[in-house]
$ cat upload_30.cif   # mmCIF, C-alpha atoms
data_target
#
loop_
_atom_site.label_atom_id
_atom_site.label_comp_id
_atom_site.auth_asym_id
_atom_site.auth_seq_id
_atom_site.Cartn_x
_atom_site.Cartn_y
_atom_site.Cartn_z
CA MET A 59 202.48 -223.48 -128.02
CA ALA A 60 198.74 -223.81 -127.59
CA LEU A 61 199.00 -222.01 -124.22
CA LEU A 62 200.90 -219.12 -125.84
CA ASP A 63 198.31 -218.84 -128.62
CA MET A 64 195.58 -218.75 -125.98
CA LYS A 65 197.27 -215.84 -124.14
CA ILE A 66 197.71 -213.88 -127.36
CA LEU A 67 194.08 -214.50 -128.29
CA THR A 68 192.95 -213.39 -124.82
CA LYS A 69 194.92 -210.14 -125.04
CA PHE A 70 193.53 -209.48 -128.53
CA ILE A 71 189.94 -210.05 -127.39
CA THR A 72 190.52 -207.80 -124.34
CA ARG A 73 191.87 -204.99 -126.51
CA VAL A 74 188.97 -205.27 -128.94
CA THR A 75 186.50 -205.25 -126.07
CA ASN A 76 188.13 -202.17 -124.46
CA ARG A 77 188.15 -200.41 -127.82
CA GLN A 78 184.47 -201.16 -128.38
CA GLN A 79 183.64 -199.90 -124.89
CA LEU A 80 185.60 -196.71 -125.52
CA ILE A 81 183.78 -196.17 -128.82
CA GLN A 82 180.45 -196.76 -127.10
CA ARG A 83 181.31 -194.25 -124.37
CA LYS A 84 182.34 -191.65 -126.94
CA ARG A 85 179.14 -192.26 -128.88
CA ALA A 86 177.14 -191.92 -125.68
CA GLN A 87 178.94 -188.67 -124.88
CA ALA A 88 178.25 -187.43 -128.38
CA ARG A 89 174.56 -188.31 -127.99
CA MET A 90 174.55 -186.47 -124.64
CA SER A 91 175.98 -183.36 -126.30
CA ASP A 92 173.53 -183.65 -129.17
CA GLU A 93 170.63 -184.07 -126.77
CA ASN A 94 171.79 -181.22 -124.52
CA PRO A 95 169.29 -178.33 -124.80
CA ASP A 96 172.12 -175.85 -124.12
CA PRO A 97 174.68 -174.93 -126.79
CA VAL A 98 177.94 -176.93 -126.70
CA PHE A 99 180.96 -176.20 -128.93
CA ARG A 100 184.47 -177.38 -129.62
CA ILE A 101 186.70 -174.72 -131.10
CA SER A 102 190.22 -174.90 -132.50
CA ARG A 103 193.07 -172.58 -131.59
CA ALA A 104 192.35 -170.63 -134.77
CA GLY A 105 188.75 -170.00 -133.74
CA LEU A 106 187.23 -172.56 -136.10
CA ILE A 107 184.22 -174.51 -134.90
CA LEU A 108 185.09 -178.20 -134.86
CA TYR A 109 181.80 -179.30 -133.33
CA ALA A 110 178.47 -177.76 -132.42
CA ASN A 111 175.42 -179.61 -131.11
CA PRO A 112 171.99 -178.75 -132.56
CA ALA A 113 171.37 -176.15 -129.85
CA GLY A 114 174.79 -174.68 -130.67
CA ILE A 115 173.94 -174.41 -134.36
CA ASP A 116 170.76 -172.50 -133.49
CA HIS A 117 172.83 -170.26 -131.23
CA LEU A 118 175.23 -169.47 -134.09
CA LYS A 119 172.33 -168.52 -136.32
CA GLN A 120 171.41 -165.75 -133.85
CA PHE A 121 174.81 -164.16 -134.47
CA ALA A 122 174.72 -164.69 -138.26
CA VAL A 123 178.07 -166.53 -138.22
CA GLU A 124 179.25 -167.05 -141.81
CA HIS A 125 179.05 -170.71 -142.94
CA MET A 126 178.89 -171.76 -139.27
CA LEU A 127 182.67 -172.27 -139.37
CA HIS A 128 183.91 -169.43 -137.17
CA ALA A 129 183.21 -168.60 -133.56
CA PRO A 130 181.00 -165.53 -132.94
CA PRO A 131 183.05 -162.31 -132.98
CA ILE A 132 181.87 -161.55 -129.45
CA TRP A 133 184.03 -164.50 -128.28
CA TYR A 134 187.27 -163.41 -129.99
CA ASP A 135 188.80 -161.47 -127.09
CA THR A 136 188.02 -164.25 -124.61
CA LEU A 137 189.47 -166.94 -126.89
CA HIS A 138 192.64 -164.89 -127.36
CA GLU A 139 192.96 -164.40 -123.58
CA ILE A 140 192.48 -168.12 -122.92
CA LEU A 141 195.33 -168.98 -125.27
CA GLN A 142 197.57 -166.72 -123.20
CA LYS A 143 196.40 -167.59 -119.68
CA ARG A 144 195.58 -171.27 -120.31
CA GLU A 145 192.83 -171.31 -117.71
CA LYS A 146 189.04 -171.52 -117.59
CA MET A 147 187.14 -168.32 -118.24
CA ARG A 148 183.53 -167.22 -118.22
CA LEU A 149 181.95 -164.64 -120.51
CA ASP A 150 178.54 -163.04 -120.03
CA TYR A 151 177.08 -161.45 -123.14
CA THR A 152 173.82 -160.37 -124.73
CA ASN A 153 172.52 -160.85 -128.24
CA PRO A 154 171.71 -157.30 -129.41
CA ALA A 155 169.12 -158.55 -131.90
CA SER A 156 167.04 -160.71 -129.54
CA GLY A 157 168.03 -159.16 -126.20
CA GLN A 158 168.70 -162.63 -124.78
CA SER A 159 171.48 -163.01 -122.22
CA TYR A 160 173.97 -165.85 -122.10
CA SER A 161 176.87 -167.09 -119.98
CA ALA A 162 179.60 -169.12 -121.70
CA LEU A 163 182.19 -171.24 -119.90
CA PHE A 164 185.40 -171.70 -121.89
CA VAL A 165 187.42 -174.80 -120.91
CA PRO A 166 190.85 -174.96 -122.60
CA LEU A 167 192.15 -178.38 -123.64
CA LEU A 168 195.16 -176.93 -125.40
CA LYS A 169 197.09 -180.16 -125.08
CA ASP A 170 194.57 -181.64 -127.49
CA GLY A 171 194.45 -178.45 -129.53
CA TYR A 172 190.92 -177.23 -128.85
CA ILE A 173 188.65 -175.36 -126.44
CA ASN A 174 185.27 -176.58 -125.22
CA VAL A 175 182.56 -173.97 -124.80
CA TYR A 176 179.41 -174.53 -122.73
CA VAL A 177 176.69 -171.88 -123.10
CA VAL A 178 173.71 -171.37 -120.78
CA GLU A 179 170.91 -168.93 -121.44
CA MET A 180 170.64 -166.46 -118.54
CA THR A 181 167.80 -164.25 -119.78
CA ALA A 182 165.30 -165.26 -117.09
CA LEU A 183 167.94 -165.03 -114.36
CA ARG A 184 169.12 -161.61 -115.55
CA GLN A 185 165.54 -160.37 -115.66
CA THR A 186 164.98 -161.65 -112.13
CA GLU A 187 168.19 -159.98 -110.97
CA ALA A 188 167.14 -156.72 -112.62
CA GLN A 189 163.76 -156.90 -110.92
CA CYS A 190 165.43 -157.54 -107.55
CA ARG A 191 167.76 -154.58 -108.06
CA ALA A 192 164.80 -152.39 -109.02
CA GLN A 193 162.95 -153.49 -105.87
CA GLN A 194 166.02 -152.81 -103.74
CA ILE A 195 166.36 -149.33 -105.22
CA PHE A 196 162.65 -148.70 -104.65
CA VAL A 197 162.84 -149.82 -101.01
CA GLN A 198 166.02 -147.77 -100.54
CA ARG A 199 164.26 -144.67 -101.86
CA ILE A 200 161.37 -145.21 -99.47
CA LEU A 201 163.72 -145.57 -96.50
CA ASP A 202 165.81 -142.58 -97.58
CA THR A 203 162.74 -140.33 -97.74
CA SER A 204 161.86 -141.15 -94.13
CA PRO A 205 162.94 -138.53 -91.58
CA ASN A 206 163.35 -141.34 -89.05
CA PHE A 207 166.65 -143.16 -88.73
CA VAL A 208 166.49 -146.74 -90.02
CA THR A 209 169.30 -149.23 -89.46
CA VAL A 210 169.70 -152.99 -89.85
CA GLN A 211 172.39 -154.82 -87.88
CA ASP A 212 173.50 -158.42 -87.87
CA CYS A 213 173.83 -160.45 -84.68
CA ASP A 214 177.36 -159.10 -84.14
CA GLY A 215 176.13 -155.52 -84.24
CA ARG A 216 177.54 -154.71 -87.68
CA TYR A 217 175.48 -152.38 -89.81
CA VAL A 218 174.02 -154.09 -92.87
CA HIS A 219 171.88 -151.15 -93.96
CA VAL A 220 171.44 -147.52 -92.91
CA ASN A 221 169.28 -144.81 -94.47
CA GLN A 222 170.30 -141.30 -95.46
CA ALA A 223 168.74 -139.60 -92.42
CA PHE A 224 171.00 -141.64 -90.11
CA LEU A 225 174.09 -140.85 -92.19
CA LYS A 226 173.25 -137.15 -92.37
CA PHE A 227 172.81 -136.99 -88.59
CA LEU A 228 176.29 -138.46 -88.04
CA ALA A 229 177.82 -136.61 -91.03
CA LEU A 230 179.17 -139.88 -92.46
CA THR A 231 178.96 -141.85 -95.70
CA ALA A 232 177.49 -145.32 -96.19
CA GLU A 233 180.97 -146.68 -96.96
CA ALA A 234 182.17 -145.51 -93.54
CA VAL A 235 179.32 -147.26 -91.70
CA VAL A 236 178.11 -150.40 -93.50
CA GLY A 237 179.88 -153.56 -92.43
CA LYS A 238 181.14 -152.07 -89.16
CA GLN A 239 180.12 -151.98 -85.54
CA PRO A 240 179.55 -148.54 -83.97
CA SER A 241 182.88 -148.78 -82.14
CA GLU A 242 184.69 -149.49 -85.43
CA ILE A 243 183.40 -146.42 -87.24
CA ILE A 244 186.05 -143.75 -87.74
CA SER A 245 184.70 -140.26 -87.12
CA PRO A 246 186.41 -137.04 -85.99
CA ASN A 247 183.39 -136.35 -83.77
CA PHE A 248 183.11 -139.86 -82.33
CA GLU A 249 182.82 -138.88 -78.68
CA GLN A 250 180.59 -135.86 -79.35
CA SER A 251 178.26 -137.67 -81.77
CA GLY A 252 175.79 -140.46 -81.08
CA LEU A 253 178.37 -143.08 -82.06
CA ALA A 254 179.81 -143.20 -78.56
CA GLN A 255 176.34 -143.82 -77.12
CA LEU A 256 175.58 -146.52 -79.69
CA ALA A 257 178.97 -148.15 -79.17
CA SER A 258 178.39 -148.34 -75.41
CA GLU A 259 175.80 -151.08 -75.94
CA GLU A 260 177.08 -154.54 -75.20
CA GLN A 261 177.82 -156.71 -78.22
CA GLY A 262 175.27 -159.35 -77.28
CA GLN A 263 172.45 -156.88 -76.80
CA VAL A 264 171.66 -156.61 -80.50
CA SER A 265 170.66 -160.22 -81.09
CA ALA A 266 168.98 -160.42 -77.68
CA ALA A 267 166.91 -157.29 -78.25
CA PRO A 268 163.21 -157.85 -77.45
CA ASN A 269 160.47 -156.87 -79.84
CA GLY A 270 159.09 -153.42 -79.05
CA ALA A 271 159.79 -149.82 -78.17
CA TYR A 272 162.59 -148.76 -75.89
CA ALA A 273 162.81 -145.79 -73.58
CA ASP A 274 163.72 -142.41 -75.02
CA GLN A 275 167.41 -142.20 -75.89
CA ARG A 276 169.54 -139.06 -76.10
CA LEU A 277 172.00 -138.71 -78.99
CA PHE A 278 174.20 -135.85 -80.12
CA ASP A 279 174.59 -134.92 -83.78
CA ALA A 280 177.89 -134.07 -85.49
CA GLN A 281 177.57 -130.44 -84.31
CA GLY A 282 177.07 -131.47 -80.69
CA ASN A 283 173.34 -130.64 -80.57
CA CYS A 284 171.25 -132.84 -78.31
CA HIS A 285 168.35 -134.81 -79.79
CA TRP A 286 165.94 -137.22 -78.17
CA PHE A 287 164.77 -140.37 -79.96
CA GLN A 288 162.23 -143.06 -79.31
CA VAL A 289 164.04 -146.27 -80.26
CA THR A 290 162.14 -149.30 -81.55
CA LYS A 291 163.94 -152.59 -82.24
CA LEU A 292 162.38 -155.43 -84.21
CA PRO A 293 164.06 -158.84 -84.74
CA LEU A 294 164.24 -160.08 -88.33
CA PRO A 295 164.24 -163.90 -88.29
CA GLY A 296 165.92 -166.02 -90.94
CA PRO A 297 164.52 -169.12 -92.72
CA ASP A 298 165.09 -171.22 -89.59
CA GLY A 299 163.13 -168.78 -87.43
CA LYS A 300 166.19 -167.58 -85.52
CA CYS A 301 167.01 -163.90 -85.32
CA GLU A 302 169.59 -162.99 -87.98
CA HIS A 303 169.18 -159.21 -88.08
CA VAL A 304 167.67 -156.44 -85.98
CA LEU A 305 165.74 -153.54 -87.47
CA THR A 306 166.11 -150.35 -85.42
CA ILE A 307 163.97 -147.25 -85.97
CA PHE A 308 164.89 -143.95 -84.31
CA THR A 309 161.99 -141.48 -84.16
CA ASP A 310 163.00 -137.92 -83.28
CA VAL A 311 160.93 -136.82 -80.28
CA THR A 312 163.03 -133.77 -79.36
CA VAL A 313 160.11 -131.33 -79.70
CA ARG A 314 157.87 -133.58 -77.63
CA LYS A 315 160.59 -133.99 -75.02
CA GLN A 316 161.13 -130.23 -74.83
CA ALA A 317 157.38 -129.70 -74.43
CA GLU A 318 157.24 -132.31 -71.67
CA ASP A 319 160.17 -130.70 -69.88
CA ALA A 320 158.54 -127.26 -70.18
CA LEU A 321 155.27 -128.60 -68.75
CA GLN A 322 157.09 -130.30 -65.90
CA LYS A 323 159.01 -127.12 -65.15
CA HIS A 324 155.80 -125.08 -65.26
CA ASP A 325 154.12 -127.58 -62.93
CA ARG A 326 157.05 -127.41 -60.49
CA LEU A 327 156.87 -123.62 -60.56
CA LEU A 328 153.14 -123.56 -59.81
CA ARG A 329 153.58 -125.94 -56.90
CA ALA A 330 156.51 -123.85 -55.64
CA VAL A 331 154.45 -120.64 -55.85
CA ALA A 332 151.66 -122.27 -53.89
CA GLU A 333 154.10 -123.56 -51.25
CA ALA A 334 155.94 -120.22 -51.06
CA THR A 335 152.63 -118.38 -50.66
CA ASP A 336 151.64 -120.69 -47.84
CA GLN A 337 155.06 -120.03 -46.26
CA LEU A 338 154.50 -116.27 -46.37
CA LEU A 339 150.97 -116.49 -45.00
CA THR A 340 151.59 -118.88 -42.14
CA ALA A 341 155.08 -117.94 -40.87
CA THR A 342 155.29 -115.51 -37.93
CA ASP A 343 158.84 -114.36 -38.67
CA TYR A 344 158.62 -112.11 -41.73
CA ALA A 345 162.30 -112.31 -42.72
CA ALA A 346 162.46 -116.05 -42.21
CA SER A 347 159.28 -116.56 -44.22
CA VAL A 348 160.61 -114.52 -47.15
CA ASN A 349 163.92 -116.39 -47.14
CA GLY A 350 162.03 -119.67 -47.00
CA ALA A 351 159.83 -118.64 -49.94
CA LEU A 352 162.87 -117.66 -52.00
CA GLN A 353 164.48 -121.01 -51.22
CA ILE A 354 161.36 -122.88 -52.37
CA LEU A 355 161.29 -120.94 -55.66
CA GLY A 356 165.03 -121.35 -56.28
CA GLN A 357 164.98 -125.11 -55.73
CA ALA A 358 161.89 -125.54 -57.90
CA LEU A 359 163.48 -123.58 -60.76
CA GLU A 360 166.82 -125.37 -60.27
CA ILE A 361 168.73 -122.08 -60.05
CA ASP A 362 171.56 -121.04 -57.75
CA ARG A 363 170.46 -117.58 -56.58
CA VAL A 364 167.22 -115.65 -56.00
CA TYR A 365 166.93 -111.91 -55.20
CA LEU A 366 164.01 -109.87 -53.88
CA PHE A 367 164.13 -106.17 -54.67
CA GLU A 368 161.91 -103.39 -53.36
CA ASN A 369 160.92 -100.51 -55.60
CA TYR A 370 160.14 -97.23 -53.81
CA PRO A 371 160.40 -93.42 -54.36
CA HIS A 372 163.63 -91.89 -53.17
CA PRO A 373 162.95 -89.78 -50.04
CA THR A 374 164.95 -86.82 -51.37
CA THR A 375 164.59 -86.86 -55.17
CA GLY A 376 161.27 -88.62 -55.38
CA GLN A 377 162.54 -90.83 -58.24
CA MET A 378 161.80 -94.54 -58.21
CA VAL A 379 164.75 -96.56 -56.93
CA MET A 380 165.37 -100.23 -56.24
CA SER A 381 167.00 -101.90 -53.24
CA ARG A 382 167.83 -105.55 -52.67
CA ARG A 383 166.08 -106.64 -49.53
CA PHE A 384 166.51 -110.42 -49.56
CA GLU A 385 168.78 -112.95 -51.21
CA TRP A 386 168.91 -116.76 -51.27
CA MET A 387 171.92 -118.75 -52.58
CA ARG A 388 172.17 -122.48 -53.09
CA PRO A 389 174.58 -123.90 -50.52
#
$ encode --input "upload_30.cif" --output "structure tokens"
Amino acid sequence: MALLDMKILTKFITRVTNRQQLIQRKRAQARMSDENPDPVFRISRAGLILYANPAGIDHLKQFAVEHMLHAPPIWYDTLHEILQKREKMRLDYTNPASGQSYSALFVPLLKDGYINVYVVEMTALRQTEAQCRAQQIFVQRILDTSPNFVTVQDCDGRYVHVNQAFLKFLALTAEAVVGKQPSEIISPNFEQSGLAQLASEEQGQVSAAPNGAYADQRLFDAQGNCHWFQVTKLPLPGPDGKCEHVLTIFTDVTVRKQAEDALQKHDRLLRAVAEATDQLLTATDYAASVNGALQILGQALEIDRVYLFENYPHPTTGQMVMSRRFEWMRP
């Protein structure tokens, strides 16, 4: 009998101890909610506020909630949706009076008949995000006003950013280019445009690109016109110092290239004239010397045929006529 009484007493003491521990934990949790600097709420299915910590009460005052008994009207649609979906939801909202931004996490405990709401002020974060967006727009405007092509690719060669000059040259939209490699871009003028040239680069070349200018590169626009560009590639390292992206700048040097070609052609012509003149002055065979001079001029000008005509007065009419005396054709 004494042993049975001892067991009953032990069970009773254990239950009392467990109950006291549970009460202490709940009190500790309540103190944690009360001490939480962020608003915390418990709301019934009907939208009545069952609990609000001190920060939550201050939050309700911002929305002028009547008697602090009802949830803010801005929550009504979310609470109604939670009752239907029975899943966690997040609501971002702004207090029109103060301009402060908040993010509320709604956690349904419908089995117990209430919903917990945890609110975090997001004003500073939203302001930072707005500043970052403004900076991105500003940088985008700067890049879009540049006549040079500007692209950023990741290590796999996918375009992360392109400016308007590049898109206009290829007659494409940003949606058709960003996130894709040159070979993945769908264009009706793929082969005729510069995409085929860009796609011909090996996949590993992008991340392995050295820092500096490349040789002049020829690209064709959407209309098939040839343009020459000086291509400069600069690696953009990540936080660990490894190359994560490559900045490529295409500078149109078509006019310069055309001027260089014209100068080279003019120089070849002057040298050819000097050589042809020497041929005419030193050769003993007149016909052979003329044919040799015509050959020198034709090869220098990169043409297939050269004629030499003689102008003279017609022996009968006296009018000026022209006769072809010599001709050279490229074999």
$ residues_near_point --input "upload_30.cif" --point "(161.2, -111.7, -58.9)" --cutoff "12 Å" --atoms "all atoms listed in the file" --output "PyMOL selection string"
chain A and resi 331+351-352+355-356+363-369+382-386
$ atom_distance --input "upload_30.cif" --atom1 "CA of Val304 (chain A)" --atom2 "CA of Leu183 (chain A)"
29.7 Å
$ residues_around --input "upload_30.cif" --residues "His303 (chain A)" --least-positions-apart "4" --cutoff "10 Å" --atoms "only C-alpha atoms" --output "list in words"
Val210, Gln211, Asp212, Cys213, Asp214, Gly215, Arg216, Tyr217, Val218, Val264, Ser265, Leu292, Pro293, Leu294, Pro295 and Gly296 of chain A
$ closest_atom_pairs --input "upload_30.cif" --of "region 147-239 of chain A" --to "region 309-315 of chain A" --cutoff "12 Å" --atoms "only C-alpha atoms" --output "JSON lines"
{"residue": "A:Ser204", "atom": "CA", "partner": "A:Thr309", "partner_atom": "CA", "distance": 10.0}
{"residue": "A:Pro205", "atom": "CA", "partner": "A:Thr309", "partner_atom": "CA", "distance": 8.0}
{"residue": "A:Asn206", "atom": "CA", "partner": "A:Thr309", "partner_atom": "CA", "distance": 5.1}
{"residue": "A:Phe207", "atom": "CA", "partner": "A:Thr309", "partner_atom": "CA", "distance": 6.7}
{"residue": "A:Val208", "atom": "CA", "partner": "A:Thr309", "partner_atom": "CA", "distance": 9.1}
{"residue": "A:Thr209", "atom": "CA", "partner": "A:Thr309", "partner_atom": "CA", "distance": 11.9}
{"residue": "A:Ala223", "atom": "CA", "partner": "A:Thr309", "partner_atom": "CA", "distance": 10.8}
{"residue": "A:Phe224", "atom": "CA", "partner": "A:Thr309", "partner_atom": "CA", "distance": 10.8}
{"residue": "A:Phe227", "atom": "CA", "partner": "A:Asp310", "partner_atom": "CA", "distance": 11.2}
$ atom_distance --input "upload_30.cif" --atom1 "CA of Thr342 (chain A)" --atom2 "CA of Ala330 (chain A)"
19.6 Å
$ atom_distance --input "upload_30.cif" --atom1 "CA of Pro112 (chain A)" --atom2 "CA of Pro130 (chain A)"
16.0 Å
$ resolve_selection --input "upload_30.cif" --expression "the PyMOL selection byres ((chain A and resi 109) around 7)" --output "list in words"
Phe99, Arg100, Ile107, Leu108, Ala110 and Asn111 of chain A
$ axis_aligned_box --input "upload_30.cif" --around "region 193-205 of chain A" --padding-each-side "4 Å" --output "lines of an AutoDock Vina configuration file"
center_x = 163.9
center_y = -146.0
center_z = -98.7
size_x = 13.0
size_y = 23.0
size_z = 22.3
$ resolve_selection --input "upload_30.cif" --expression "the PyMOL selection byres ((chain A and resi 275) around 9)" --output "PyMOL selection string"
chain A and resi 272-274+276-277+285-289+308
$ resolve_selection --input "upload_30.cif" --expression "the PyMOL selection byres ((chain A and resi 222) around 8)" --output "JSON, numbers by chain"
{"A": [201, 202, 203, 207, 220, 221, 223, 224, 225, 226]}
$ write_last_selection --input "upload_30.cif" --atoms "C-alpha atoms" --output "PDB file, in the coordinates of the input"
ATOM      1  CA  LEU A 201     163.720-145.570 -96.500  1.00  0.00           C
ATOM      2  CA  ASP A 202     165.810-142.580 -97.580  1.00  0.00           C
ATOM      3  CA  THR A 203     162.740-140.330 -97.740  1.00  0.00           C
ATOM      4  CA  PHE A 207     166.650-143.160 -88.730  1.00  0.00           C
ATOM      5  CA  VAL A 220     171.440-147.520 -92.910  1.00  0.00           C
ATOM      6  CA  ASN A 221     169.280-144.810 -94.470  1.00  0.00           C
ATOM      7  CA  ALA A 223     168.740-139.600 -92.420  1.00  0.00           C
ATOM      8  CA  PHE A 224     171.000-141.640 -90.110  1.00  0.00           C
ATOM      9  CA  LEU A 225     174.090-140.850 -92.190  1.00  0.00           C
ATOM     10  CA  LYS A 226     173.250-137.150 -92.370  1.00  0.00           C
TER      11      LYS A 226
END
$ residues_around --input "upload_30.cif" --residues "Asp170 (chain A)" --least-positions-apart "6" --cutoff "12 Å" --atoms "all atoms listed in the file" --output "list of chain:residue names"
A:Arg100, A:Ile101, A:Ser102, A:Arg103
$ residues_around --input "upload_30.cif" --residues "Leu137 (chain A)" --least-positions-apart "4" --cutoff "9 Å" --atoms "all atoms listed in the file" --output "JSON, numbers by chain"
{"A": [103, 105, 133, 141, 142, 164, 173]}
$ closest_residue --input "upload_30.cif" --among "A:Gln357, A:Asn153, A:Thr375, A:Gln316" --to "Glu333 (chain A)" --atoms "all atoms listed in the file"
A:Gln357
$ residues_around --input "upload_30.cif" --residues "Arg148 (chain A)" --least-positions-apart "6" --cutoff "9 Å" --atoms "all atoms listed in the file" --output "NGL selection string"
:A and (136 or 161-165)
$ closest_residue --input "upload_30.cif" --among "A:Glu360, A:Ala104, A:Gly157, A:Ala113" --to "Tyr134 (chain A)" --atoms "only C-alpha atoms"
A:Ala104
$ residues_around --input "upload_30.cif" --residues "Arg184 (chain A)" --least-positions-apart "6" --cutoff "10 Å" --atoms "all atoms listed in the file" --output "PDB file with C-alpha atoms, keeping the file's coordinate frame"
ATOM      1  CA  GLN A 158     168.700-162.630-124.780  1.00  0.00           C
ATOM      2  CA  SER A 159     171.480-163.010-122.220  1.00  0.00           C
ATOM      3  CA  TYR A 160     173.970-165.850-122.100  1.00  0.00           C
ATOM      4  CA  CYS A 190     165.430-157.540-107.550  1.00  0.00           C
TER       5      CYS A 190
END
